[in-house]
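Content type mmCIF, C-alpha atoms, from the file run.cif:
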```
data_input
loop_
_atom_site.label_atom_id
_atom_site.label_comp_id
_atom_site.auth_asym_id
_atom_site.auth_seq_id
_atom_site.Cartn_x
_atom_site.Cartn_y
_atom_site.Cartn_z
CA MET A 21 -61.31 -22.62 70.06
CA LYS A 22 -61.61 -21.55 73.61
CA GLY A 23 -59.36 -18.75 74.88
CA LYS A 24 -57.90 -18.45 78.35
CA ARG A 25 -60.90 -16.40 79.44
CA ASP A 26 -63.19 -19.36 78.60
CA MET A 27 -61.12 -21.84 80.61
CA PRO A 28 -62.34 -23.01 84.00
CA ASP A 29 -60.59 -21.48 87.03
CA GLU A 30 -58.88 -24.80 87.82
CA THR A 31 -57.45 -25.04 84.29
CA ARG A 32 -56.13 -21.48 84.37
CA ALA A 33 -54.50 -22.13 87.78
CA ASP A 34 -52.85 -25.31 86.47
CA SER A 35 -51.60 -23.42 83.40
CA ALA A 36 -50.17 -20.63 85.53
CA ALA A 37 -48.49 -23.14 87.84
CA ALA A 38 -46.98 -24.98 84.87
CA THR A 39 -45.72 -21.70 83.44
CA ALA A 40 -44.17 -20.76 86.78
CA LYS A 41 -42.48 -24.15 87.08
CA ALA A 42 -41.16 -23.85 83.53
CA GLY A 43 -39.77 -20.43 84.38
CA GLN A 44 -38.10 -21.78 87.50
CA ARG A 45 -36.57 -24.66 85.53
CA HIS A 46 -35.33 -22.21 82.90
CA ALA A 47 -33.81 -19.94 85.56
CA GLY A 48 -32.23 -22.95 87.25
CA ARG A 49 -30.73 -24.15 83.99
CA ALA A 50 -29.43 -20.63 83.28
CA VAL A 51 -27.72 -20.46 86.67
CA SER A 52 -26.31 -23.96 86.19
CA ARG A 53 -24.95 -23.01 82.77
CA ALA A 54 -23.45 -19.84 84.23
CA ALA A 55 -21.79 -21.83 87.01
CA ALA A 56 -20.51 -24.41 84.50
CA ASP A 57 -19.17 -21.67 82.22
CA TRP A 58 -17.47 -19.95 85.18
CA ILE A 59 -15.83 -23.23 86.24
CA ALA A 60 -14.69 -23.90 82.67
CA VAL A 61 -13.17 -20.43 82.35
CA ARG A 62 -11.40 -20.80 85.70
CA ARG A 63 -9.98 -24.16 84.67
CA ARG A 64 -8.62 -22.71 81.44
CA ARG A 65 -7.06 -19.79 83.30
CA LEU A 66 -5.54 -22.02 85.96
CA SER A 67 -4.04 -24.32 83.33
CA ALA A 68 -2.59 -21.23 81.64
CA GLY A 69 -1.01 -20.04 84.91
CA GLU A 70 -3.53 -17.31 85.73
CA LEU A 71 -4.11 -18.10 89.40
CA GLY A 72 -5.91 -14.89 90.32
CA TYR A 73 -7.06 -14.66 93.93
CA LEU A 74 -7.36 -18.42 94.43
CA PRO A 75 -4.05 -19.04 96.32
CA VAL A 76 -4.45 -16.15 98.78
CA THR A 77 -8.12 -17.05 99.35
CA LEU A 78 -7.17 -20.62 100.21
CA VAL A 79 -4.40 -19.40 102.52
CA LEU A 80 -6.75 -16.99 104.27
CA ALA A 81 -9.35 -19.72 104.73
CA ALA A 82 -6.71 -22.07 106.14
CA VAL A 83 -5.44 -19.41 108.56
CA TRP A 84 -8.94 -18.68 109.82
CA ILE A 85 -9.83 -22.37 110.22
CA ILE A 86 -6.61 -23.16 112.09
CA PHE A 87 -6.81 -20.25 114.53
CA GLN A 88 -10.54 -20.72 115.10
CA SER A 89 -9.84 -24.32 116.06
CA LEU A 90 -7.13 -23.12 118.47
CA ASP A 91 -9.18 -20.28 119.96
CA SER A 92 -12.94 -19.99 119.53
CA THR A 93 -12.82 -16.19 119.92
CA PHE A 94 -10.77 -15.71 116.74
CA LEU A 95 -13.84 -15.31 114.52
CA SER A 96 -15.85 -13.48 117.16
CA PRO A 97 -17.38 -10.12 116.15
CA ARG A 98 -15.03 -8.28 118.52
CA ASN A 99 -11.85 -9.79 117.08
CA LEU A 100 -12.99 -9.43 113.47
CA SER A 101 -13.89 -5.80 114.13
CA ASN A 102 -10.45 -5.14 115.61
CA LEU A 103 -8.89 -6.98 112.68
CA SER A 104 -10.77 -4.81 110.19
CA VAL A 105 -9.26 -1.69 111.75
CA ASP A 106 -5.77 -3.16 112.22
CA ILE A 107 -5.39 -3.84 108.48
CA VAL A 108 -6.01 -0.23 107.44
CA GLY A 109 -2.71 1.52 108.21
CA THR A 110 -0.41 -1.07 106.66
CA GLY A 111 -3.06 -1.74 104.01
CA PHE A 112 -2.82 1.80 102.66
CA ILE A 113 0.95 1.43 102.37
CA ALA A 114 0.55 -1.98 100.67
CA VAL A 115 -1.81 -0.49 98.06
CA GLY A 116 0.90 2.02 97.19
CA ILE A 117 3.37 -0.84 96.88
CA VAL A 118 1.00 -2.51 94.39
CA PHE A 119 1.30 0.50 92.08
CA VAL A 120 5.09 0.33 92.20
CA LEU A 121 5.20 -3.45 91.72
CA LEU A 122 3.01 -3.09 88.63
CA LEU A 123 5.98 -1.26 87.09
CA GLY A 124 8.25 -4.14 88.06
CA GLU A 125 9.96 -1.90 90.63
CA LEU A 126 10.16 -1.76 94.43
CA ASP A 127 9.76 1.17 96.83
CA LEU A 128 11.80 0.70 100.01
CA SER A 129 11.04 4.15 101.41
CA VAL A 130 7.32 3.79 102.22
CA GLY A 131 7.90 2.93 105.89
CA SER A 132 10.09 5.97 106.44
CA ILE A 133 7.68 8.21 104.53
CA SER A 134 4.79 7.02 106.72
CA GLY A 135 6.74 7.84 109.88
CA PHE A 136 7.95 11.19 108.47
CA ALA A 137 4.41 12.24 107.53
CA ALA A 138 3.06 11.28 110.95
CA ALA A 139 5.86 13.28 112.58
CA VAL A 140 5.06 16.32 110.40
CA PHE A 141 1.45 16.15 111.54
CA ALA A 142 2.36 15.79 115.22
CA VAL A 143 4.88 18.65 115.19
CA LEU A 144 2.55 21.00 113.33
CA ASN A 145 -0.55 20.21 115.38
CA VAL A 146 0.72 19.46 118.87
CA ASN A 147 3.89 21.52 119.05
CA ASN A 148 2.87 24.48 116.88
CA GLY A 149 -0.91 24.62 117.28
CA VAL A 150 -1.79 24.21 113.60
CA PRO A 151 -5.42 23.02 113.16
CA GLU A 152 -5.71 19.26 112.72
CA TRP A 153 -7.28 19.39 109.27
CA LEU A 154 -4.53 21.66 107.96
CA ALA A 155 -1.77 19.60 109.59
CA LEU A 156 -3.33 16.44 108.09
CA ILE A 157 -3.26 17.93 104.57
CA ALA A 158 0.35 19.03 105.07
CA ALA A 159 1.32 15.54 106.24
CA VAL A 160 -0.29 13.82 103.24
CA LEU A 161 1.30 16.33 100.86
CA THR A 162 4.64 15.57 102.50
CA GLY A 163 4.30 12.00 101.29
CA THR A 164 3.23 13.18 97.83
CA VAL A 165 6.25 15.45 97.48
CA ALA A 166 8.65 12.77 98.74
CA GLY A 167 7.24 10.20 96.32
CA THR A 168 7.26 12.65 93.41
CA ALA A 169 10.90 13.55 94.02
CA GLN A 170 11.89 9.89 94.07
CA GLY A 171 9.81 9.02 91.02
CA TYR A 172 11.24 11.86 88.95
CA SER A 173 14.78 10.89 89.97
CA ILE A 174 14.17 7.28 88.96
CA ALA A 175 12.64 8.24 85.60
CA ARG A 176 15.29 10.78 84.64
CA THR A 177 18.41 9.00 85.85
CA ARG A 178 17.15 5.43 85.12
CA VAL A 179 18.76 4.31 88.36
CA PRO A 180 16.94 1.23 89.74
CA ALA A 181 14.05 2.21 91.98
CA PHE A 182 15.24 0.14 94.93
CA VAL A 183 18.51 2.14 95.02
CA VAL A 184 16.81 5.54 94.92
CA THR A 185 14.18 4.52 97.46
CA LEU A 186 16.81 2.97 99.71
CA ALA A 187 18.44 6.40 99.82
CA GLY A 188 14.97 7.81 100.49
CA LEU A 189 14.49 5.36 103.37
CA LEU A 190 17.53 6.80 105.11
CA THR A 191 16.74 10.41 104.19
CA TRP A 192 13.09 10.48 105.33
CA ASN A 193 13.91 8.56 108.49
CA GLY A 194 16.65 11.06 109.31
CA LEU A 195 14.29 13.99 108.72
CA MET A 196 11.69 12.37 110.97
CA LEU A 197 14.21 12.05 113.80
CA ALA A 198 15.34 15.63 113.25
CA ILE A 199 11.88 17.21 113.49
CA LEU A 200 10.84 15.07 116.45
CA GLY A 201 13.87 16.33 118.31
CA THR A 202 14.99 15.15 121.70
CA SER A 203 11.47 14.56 123.00
CA GLY A 204 11.24 11.39 120.90
CA THR A 205 7.50 10.87 121.40
CA ILE A 206 4.55 13.17 120.79
CA ASN A 207 1.12 12.20 122.11
CA LEU A 208 -1.89 13.11 119.97
CA ASP A 209 -5.26 14.39 121.15
CA GLU A 210 -7.34 11.30 121.98
CA ASP A 211 -10.52 13.18 121.05
CA GLY A 212 -9.12 14.80 117.94
CA LEU A 213 -9.62 14.24 114.23
CA ILE A 214 -6.74 11.78 113.80
CA ALA A 215 -7.80 9.69 116.79
CA HIS A 216 -11.31 9.43 115.30
CA LEU A 217 -9.95 7.91 112.10
CA THR A 218 -9.61 4.55 113.82
CA GLY A 219 -11.72 5.19 116.92
CA TYR A 220 -15.07 6.10 115.33
CA TYR A 221 -17.75 3.47 114.58
CA PHE A 222 -21.13 3.82 112.90
CA THR A 223 -23.17 2.27 115.69
CA ASP A 224 -26.42 2.43 113.71
CA ALA A 225 -26.81 -1.03 112.15
CA GLY A 226 -28.57 0.50 109.16
CA VAL A 227 -25.38 2.22 108.03
CA GLY A 228 -23.52 -1.07 107.62
CA TYR A 229 -26.38 -2.68 105.70
CA ALA A 230 -26.82 0.43 103.54
CA VAL A 231 -23.13 0.38 102.62
CA ALA A 232 -23.40 -3.34 101.81
CA ALA A 233 -26.44 -2.74 99.59
CA LEU A 234 -24.74 0.17 97.83
CA ALA A 235 -21.57 -1.84 97.22
CA THR A 236 -23.57 -4.74 95.79
CA ALA A 237 -25.57 -2.45 93.51
CA LEU A 238 -22.44 -0.68 92.26
CA VAL A 239 -20.71 -3.99 91.50
CA PHE A 240 -23.70 -5.18 89.47
CA LEU A 241 -24.07 -1.83 87.69
CA ALA A 242 -20.38 -1.69 86.77
CA SER A 243 -20.44 -5.29 85.51
CA TYR A 244 -23.66 -4.73 83.56
CA LEU A 245 -22.41 -1.54 81.88
CA ASP A 246 -19.16 -3.27 80.97
CA ARG A 247 -21.11 -6.18 79.51
CA ARG A 248 -23.33 -3.86 77.47
CA ARG A 249 -20.34 -1.92 76.16
CA ARG A 250 -18.53 -5.10 75.13
CA ARG A 251 -21.63 -6.51 73.51
CA ALA A 252 -22.21 -3.32 71.54
CA ILE A 253 -18.75 -3.49 69.93
CA GLY A 254 -18.84 -7.26 69.39
CA MET A 255 -16.37 -8.22 72.12
CA PRO A 256 -16.70 -11.31 74.36
CA HIS A 257 -18.91 -10.55 77.35
CA ARG A 258 -20.27 -12.28 80.41
CA PRO A 259 -23.85 -13.66 80.24
CA LEU A 260 -26.39 -12.17 82.62
CA PRO A 261 -26.63 -15.31 84.83
CA THR A 262 -22.88 -15.06 85.42
CA LEU A 263 -23.28 -11.45 86.50
CA ALA A 264 -26.08 -12.52 88.83
CA VAL A 265 -23.93 -15.21 90.45
CA ARG A 266 -21.01 -12.80 90.81
CA THR A 267 -23.23 -10.12 92.33
CA GLY A 268 -24.76 -12.68 94.67
CA ALA A 269 -21.31 -13.66 95.94
CA VAL A 270 -20.48 -9.99 96.60
CA ALA A 271 -23.80 -9.55 98.40
CA VAL A 272 -23.13 -12.52 100.67
CA ILE A 273 -19.69 -11.17 101.62
CA ALA A 274 -20.91 -7.58 102.06
CA PHE A 275 -24.02 -8.32 104.11
CA GLY A 276 -22.26 -11.04 106.10
CA SER A 277 -19.50 -8.60 107.03
CA ALA A 278 -22.04 -5.92 107.94
CA TYR A 279 -23.89 -8.37 110.17
CA LEU A 280 -20.73 -9.43 112.02
CA LEU A 281 -19.51 -5.86 112.51
CA ASN A 282 -22.91 -4.79 113.80
CA GLN A 283 -22.67 -7.47 116.47
CA PHE A 284 -19.85 -5.48 118.11
CA GLN A 285 -19.64 -1.71 117.62
CA GLY A 286 -20.80 -1.28 114.05
CA LEU A 287 -19.01 -0.31 110.85
CA PRO A 288 -15.56 1.23 111.56
CA LEU A 289 -14.91 4.54 109.82
CA ALA A 290 -11.33 3.45 109.09
CA LEU A 291 -12.48 0.35 107.21
CA LEU A 292 -15.00 2.36 105.18
CA ILE A 293 -12.38 4.93 104.14
CA PHE A 294 -9.93 2.16 103.26
CA LEU A 295 -12.34 0.13 101.11
CA VAL A 296 -13.66 3.22 99.30
CA THR A 297 -10.08 4.27 98.52
CA VAL A 298 -9.16 0.77 97.30
CA ALA A 299 -12.25 0.61 95.08
CA ALA A 300 -11.59 4.07 93.63
CA LEU A 301 -7.94 3.26 92.88
CA ASP A 302 -9.01 -0.06 91.34
CA ILE A 303 -11.21 1.89 88.92
CA VAL A 304 -8.29 4.22 88.17
CA LEU A 305 -6.06 1.26 87.31
CA ARG A 306 -8.55 -0.74 85.26
CA ARG A 307 -10.76 1.92 83.68
CA THR A 308 -8.55 4.91 82.88
CA HIS A 309 -5.82 5.69 80.36
CA TYR A 310 -3.42 6.25 83.24
CA GLY A 311 -4.04 2.76 84.59
CA ARG A 312 -3.53 1.17 81.18
CA LYS A 313 -0.23 3.04 80.88
CA VAL A 314 0.88 1.66 84.26
CA TYR A 315 0.16 -1.92 83.17
CA ALA A 316 1.78 -1.33 79.78
CA LEU A 317 4.90 0.11 81.37
CA GLY A 318 5.12 -2.83 83.75
CA SER A 319 4.89 -5.28 80.87
CA SER A 320 7.69 -3.64 78.86
CA VAL A 321 9.38 -0.29 79.42
CA GLU A 322 11.05 -0.31 76.01
CA ALA A 323 7.82 -1.15 74.20
CA SER A 324 6.10 1.66 76.07
CA ARG A 325 8.76 4.13 74.99
CA ARG A 326 8.40 3.02 71.37
CA ALA A 327 4.65 3.46 71.69
CA SER A 328 5.34 7.11 72.64
CA LEU A 329 4.18 6.75 76.23
CA ASN A 330 5.51 9.41 78.58
CA VAL A 331 7.51 7.03 80.76
CA THR A 332 8.84 9.80 82.98
CA ALA A 333 5.36 11.07 83.80
CA VAL A 334 3.97 7.62 84.53
CA GLN A 335 6.86 6.57 86.77
CA THR A 336 6.77 9.88 88.63
CA ALA A 337 3.02 9.62 89.14
CA VAL A 338 3.24 6.04 90.41
CA LEU A 339 5.87 6.92 93.03
CA ALA A 340 3.79 9.98 93.97
CA VAL A 341 0.79 7.71 94.57
CA SER A 342 2.97 5.38 96.63
CA GLY A 343 4.26 8.26 98.76
CA THR A 344 0.77 9.68 99.26
CA LEU A 345 -0.65 6.34 100.37
CA ALA A 346 2.36 5.75 102.64
CA ALA A 347 1.72 9.08 104.36
CA THR A 348 -1.98 8.25 104.70
CA GLY A 349 -1.13 4.86 106.17
CA GLY A 350 1.26 6.52 108.61
CA LEU A 351 -1.53 8.76 109.90
CA PHE A 352 -3.83 5.78 110.43
CA LEU A 353 -1.06 3.93 112.27
CA ALA A 354 -0.51 6.98 114.47
CA SER A 355 -4.26 7.18 115.04
CA ARG A 356 -4.33 3.60 116.29
CA ILE A 357 -1.91 4.37 119.15
CA THR A 358 -2.58 8.16 119.34
CA SER A 359 1.12 8.96 119.32
CA VAL A 360 4.15 9.44 117.08
CA SER A 361 7.63 8.33 118.12
CA GLN A 362 11.10 7.74 116.73
CA ASN A 363 10.03 4.16 116.03
CA SER A 364 7.18 5.20 113.74
CA GLY A 365 7.51 3.67 110.28
CA SER A 366 10.26 1.28 111.37
CA GLY A 367 10.35 -2.38 112.36
CA VAL A 368 8.58 -4.86 110.10
CA LEU A 369 6.19 -2.28 108.63
CA LEU A 370 7.97 -2.10 105.26
CA LEU A 371 8.33 -5.87 105.04
CA ASN A 372 4.67 -6.42 105.92
CA ALA A 373 3.52 -3.92 103.28
CA ILE A 374 5.60 -5.56 100.55
CA ALA A 375 4.61 -9.04 101.71
CA ALA A 376 0.92 -8.08 101.67
CA ALA A 377 1.09 -6.93 98.05
CA VAL A 378 2.95 -10.05 96.92
CA ILE A 379 0.92 -12.53 98.97
CA GLY A 380 -2.25 -10.95 97.57
CA GLY A 381 -1.19 -11.85 94.05
CA THR A 382 0.68 -8.83 92.68
CA SER A 383 3.52 -10.04 90.47
CA LEU A 384 7.11 -9.12 91.26
CA PHE A 385 7.75 -9.10 87.52
CA GLY A 386 5.33 -6.24 86.86
CA GLY A 387 2.17 -5.87 84.83
CA ARG A 388 -0.14 -8.06 86.96
CA GLY A 389 -2.07 -7.25 90.12
CA THR A 390 -4.86 -5.06 91.51
CA THR A 391 -5.42 -2.91 94.55
CA TRP A 392 -7.58 -5.68 96.02
CA SER A 393 -4.45 -7.83 96.11
CA ALA A 394 -3.17 -5.65 98.93
CA VAL A 395 -6.43 -6.03 100.87
CA LEU A 396 -6.32 -9.83 100.74
CA GLY A 397 -2.60 -9.91 101.47
CA ILE A 398 -2.73 -7.65 104.51
CA LEU A 399 -5.77 -9.59 105.73
CA VAL A 400 -3.68 -12.76 105.71
CA ILE A 401 -0.75 -11.13 107.50
CA GLN A 402 -2.87 -9.39 110.12
CA SER A 403 -4.95 -12.53 110.67
CA ILE A 404 -1.75 -14.41 111.46
CA ALA A 405 -0.71 -11.66 113.87
CA SER A 406 -4.13 -11.63 115.53
CA GLY A 407 -4.22 -15.40 115.88
CA MET A 408 -0.72 -15.44 117.33
CA ALA A 409 -1.70 -12.82 119.89
CA LEU A 410 -4.78 -14.79 120.96
CA THR A 411 -2.82 -18.02 121.32
CA ASP A 412 0.17 -16.34 123.05
CA THR A 413 2.53 -17.53 120.33
CA PRO A 414 5.98 -15.85 120.28
CA THR A 415 6.56 -13.11 117.71
CA ALA A 416 9.42 -15.13 116.25
CA VAL A 417 7.00 -17.84 115.16
CA GLN A 418 4.75 -15.21 113.58
CA LEU A 419 7.67 -13.92 111.50
CA VAL A 420 8.60 -17.45 110.43
CA ILE A 421 5.03 -18.22 109.33
CA THR A 422 4.64 -14.92 107.50
CA GLY A 423 7.99 -15.48 105.80
CA GLY A 424 6.92 -18.97 104.75
CA VAL A 425 3.65 -17.67 103.26
CA LEU A 426 5.59 -14.97 101.40
CA PHE A 427 8.05 -17.54 100.04
CA VAL A 428 5.22 -19.71 98.75
CA ALA A 429 3.59 -16.65 97.14
CA VAL A 430 6.82 -15.73 95.34
CA VAL A 431 7.32 -19.31 94.12
CA LEU A 432 3.73 -19.42 92.82
CA ASP A 433 4.25 -16.08 91.11
CA SER A 434 7.37 -17.38 89.36
CA LEU A 435 5.72 -20.67 88.33
CA SER A 436 2.66 -18.79 87.13
CA ARG A 437 4.81 -16.53 84.97
CA HIS A 438 6.65 -19.47 83.41
CA THR A 439 3.34 -21.21 82.67
CA GLN A 440 1.92 -18.08 81.07
CA GLN A 441 5.05 -17.74 78.94
CA ALA A 442 4.63 -21.34 77.81
CA HIS A 443 1.05 -20.53 76.77
CA GLY A 444 2.07 -17.27 75.10
CA ARG A 445 0.29 -15.10 77.67
CA ALA A 446 3.29 -13.28 79.17
#
```
Written as structure tokens, that's how I'd like the structure from this file.
Amino acid sequence: MKGKRDMPDETRADSAAATAKAGQRHAGRAVSRAAADWIAVRRRRLSAGELGYLPVTLVLAAVWIIFQSLDSTFLSPRNLSNLSVDIVGTGFIAVGIVFVLLLGELDLSVGSISGFAAAVFAVLNVNNGVPEWLALIAAVLTGTVAGTAQGYSIARTRVPAFVVTLAGLLTWNGLMLAILGTSGTINLDEDGLIAHLTGYYFTDAGVGYAVAALATALVFLASYLDRRRRRAIGMPHRPLPTLAVRTGAVAVIAFGSAYLLNQFQGLPLALLIFLVTVAALDIVLRRTHYGRKVYALGSSVEASRRASLNVTAVQTAVLAVSGTLAATGGLFLASRITSVSQNSGSGVLLLNAIAAAVIGGTSLFGGRGTTWSAVLGILVIQSIASGMALTDTPTAVQLVITGGVLFVAVVLDSLSRHTQQAHGRA
């Protein structure tokens, strides 16, 4: 018999081409099977009431399509860049709300804490000459202490969280007015550290693409390690083609965003800090014992107590996280306008933060939601606000539309819960 070395060059080329085509067909079938499996899993989850990010994604797409048709500059690099910075302040507060909602509770004090923390920074830095970095740490710790005090009170007294945090809303707002004094408004240094939080952009296009590549690689690595761990202990795991499709989708979003942002001023520092924080807190919730305790407590407080979970510690920690993120959000909001006033933390800030968490898919009944829910939710709300501003639509209409989206989200959450209960999943 003749081996491959004895074959004519034309025969070897044909064999190699056939092998390559067979490999391509095999890869194509693998991707098709992965896509079919993904669709089948999604169908089963949807029929069981697990809607995931589908509703908010459809709403966001509809909002973008409508406003782009009304004003062609809506999806321009400039507007999308401004939008990516505008979501950060309220987004931080909304992420803290997600933690509280996972317990089945509600924190009404986050708006006041954000304003109080910003006022602490302004008074320390501007009025008393404390270095910015030290005043910033003090402001964030102010939110941590406020949240911890509320969380411990809720856990020890078992008074509903909305009552305790309603008292906190009044208390922290009063303290903010007291320390601001009669001046009412304090202007921040426009070239200072706080101003740079929302005013600095990485103008080098390579930075945006590098961040996109790193994010894509980390998503694939995390998914692959999770798959290998599950496979090693005999648990259900995703096939490699599914991971490839998922990573490809992340890559498209990441590199597409980097390209659009680079068309204007580059990657905003505020957006980078926000997304890194959201990703880190998502890992904390889904990959740590603390996160599992939060979900367990949100599913059933009594069952958690019987399982010997330290309910007091978990509730206190969750409210501390909420207070810390509220203070951080307050600093970013102050950075956006480079000032702190008696109106800081007031208005529709609290309502927007809660609405963002709920619209993004976090359940009001506890035990279901992620930090990325807040990102999608605040993106919807801020997109509506941006579109309304471009089309000169009255603020009243914006509130009506946002309220309508929130109502639909709450109804879907309730229907989803009933469906899951019918399927024995809740």
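If you measure from each of A:Ala181, A:Leu410, A:Val338, A:Leu200 to Val304 in chain A using all atoms listed in the file, the closest one turns out to be A:Val338.
Residues matching the PyMOL selection byres ((chain A and resi 336) around 8) in this structure come to Gly167, Thr168, Ala169, Gln170, Gly171, Tyr172, Ile174, Ala175, Thr332, Ala333, Val334, Gln335, Ala337, Val338, Leu339 and Ala340 of chain A.
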What does the PyMOL selection byres ((chain A and resi 144) around 12) select in this file, as a PyMOL selection string?
chain A and resi 137-143+145-159+199-200+206+208
Which residue out of A:Arg325, A:Ile379, A:Thr348, A:Thr93 has the minimum interatomic distance to Phe427 in chain A when all atoms listed in the file are used?
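The shortest atom-to-atom distance to Phe427 in chain A comes from A:Ile379.
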Test item: the PyMOL selection byres ((chain A and resi 100-116) around 6) resolved as JSON, numbers by chain:
{"A": [97, 98, 99, 117, 118, 119, 281, 291, 342, 345, 346, 349, 352, 353, 373, 377, 391, 394, 398]}
Any idea what the distance is between CA of Ala237 in chain A and CA of Val270 in chain A?
9.6 Å
What's around Thr191 in chain A at 10 Å? Count all atoms listed in the file, leave out sequence neighbours fewer than 3 positions away in its own chain, and write the answer as JSON, numbers by chain.
{"A": [129, 132, 133, 136, 185, 186, 187, 188, 194, 195, 196]}
Residue contacts of Leu217 in chain A (9 Å, only C-alpha atoms) excluding same-chain residues fewer than 3 positions away, as a list in words
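Residues near the query, excluding close chain neighbours: Leu213, Ile214, Tyr220, Pro288, Leu289, Ala290, Ile293, Leu351, Phe352, Ser355 and Arg356 of chain A.
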Selection export as an mmCIF file, keeping the file's coordinate frame, atoms kept: C-alpha atoms:
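Result went into out-v8.cif, see below:
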```cif
data_model
loop_
_atom_site.group_PDB
_atom_site.id
_atom_site.type_symbol
_atom_site.label_atom_id
_atom_site.label_comp_id
_atom_site.auth_asym_id
_atom_site.auth_seq_id
_atom_site.Cartn_x
_atom_site.Cartn_y
_atom_site.Cartn_z
ATOM 1 C CA LEU A 213 -9.620 14.240 114.230
ATOM 2 C CA ILE A 214 -6.740 11.780 113.800
ATOM 3 C CA TYR A 220 -15.070 6.100 115.330
ATOM 4 C CA PRO A 288 -15.560 1.230 111.560
ATOM 5 C CA LEU A 289 -14.910 4.540 109.820
ATOM 6 C CA ALA A 290 -11.330 3.450 109.090
ATOM 7 C CA ILE A 293 -12.380 4.930 104.140
ATOM 8 C CA LEU A 351 -1.530 8.760 109.900
ATOM 9 C CA PHE A 352 -3.830 5.780 110.430
ATOM 10 C CA SER A 355 -4.260 7.180 115.040
ATOM 11 C CA ARG A 356 -4.330 3.600 116.290
#
```
In terms of the shortest atom-to-atom distance over all atoms listed in the file, which of A:Ala82, A:Leu90, A:Leu238, A:Val360 is closest to Ser134 in chain A?
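Smallest separation from Ser134 in chain A among the options: A:Val360.
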Please compute the CA of Thr390 in chain A-CA of Leu305 in chain A distance, one decimal, in Å.
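Distance reported for this atom pair: 7.7 Å.
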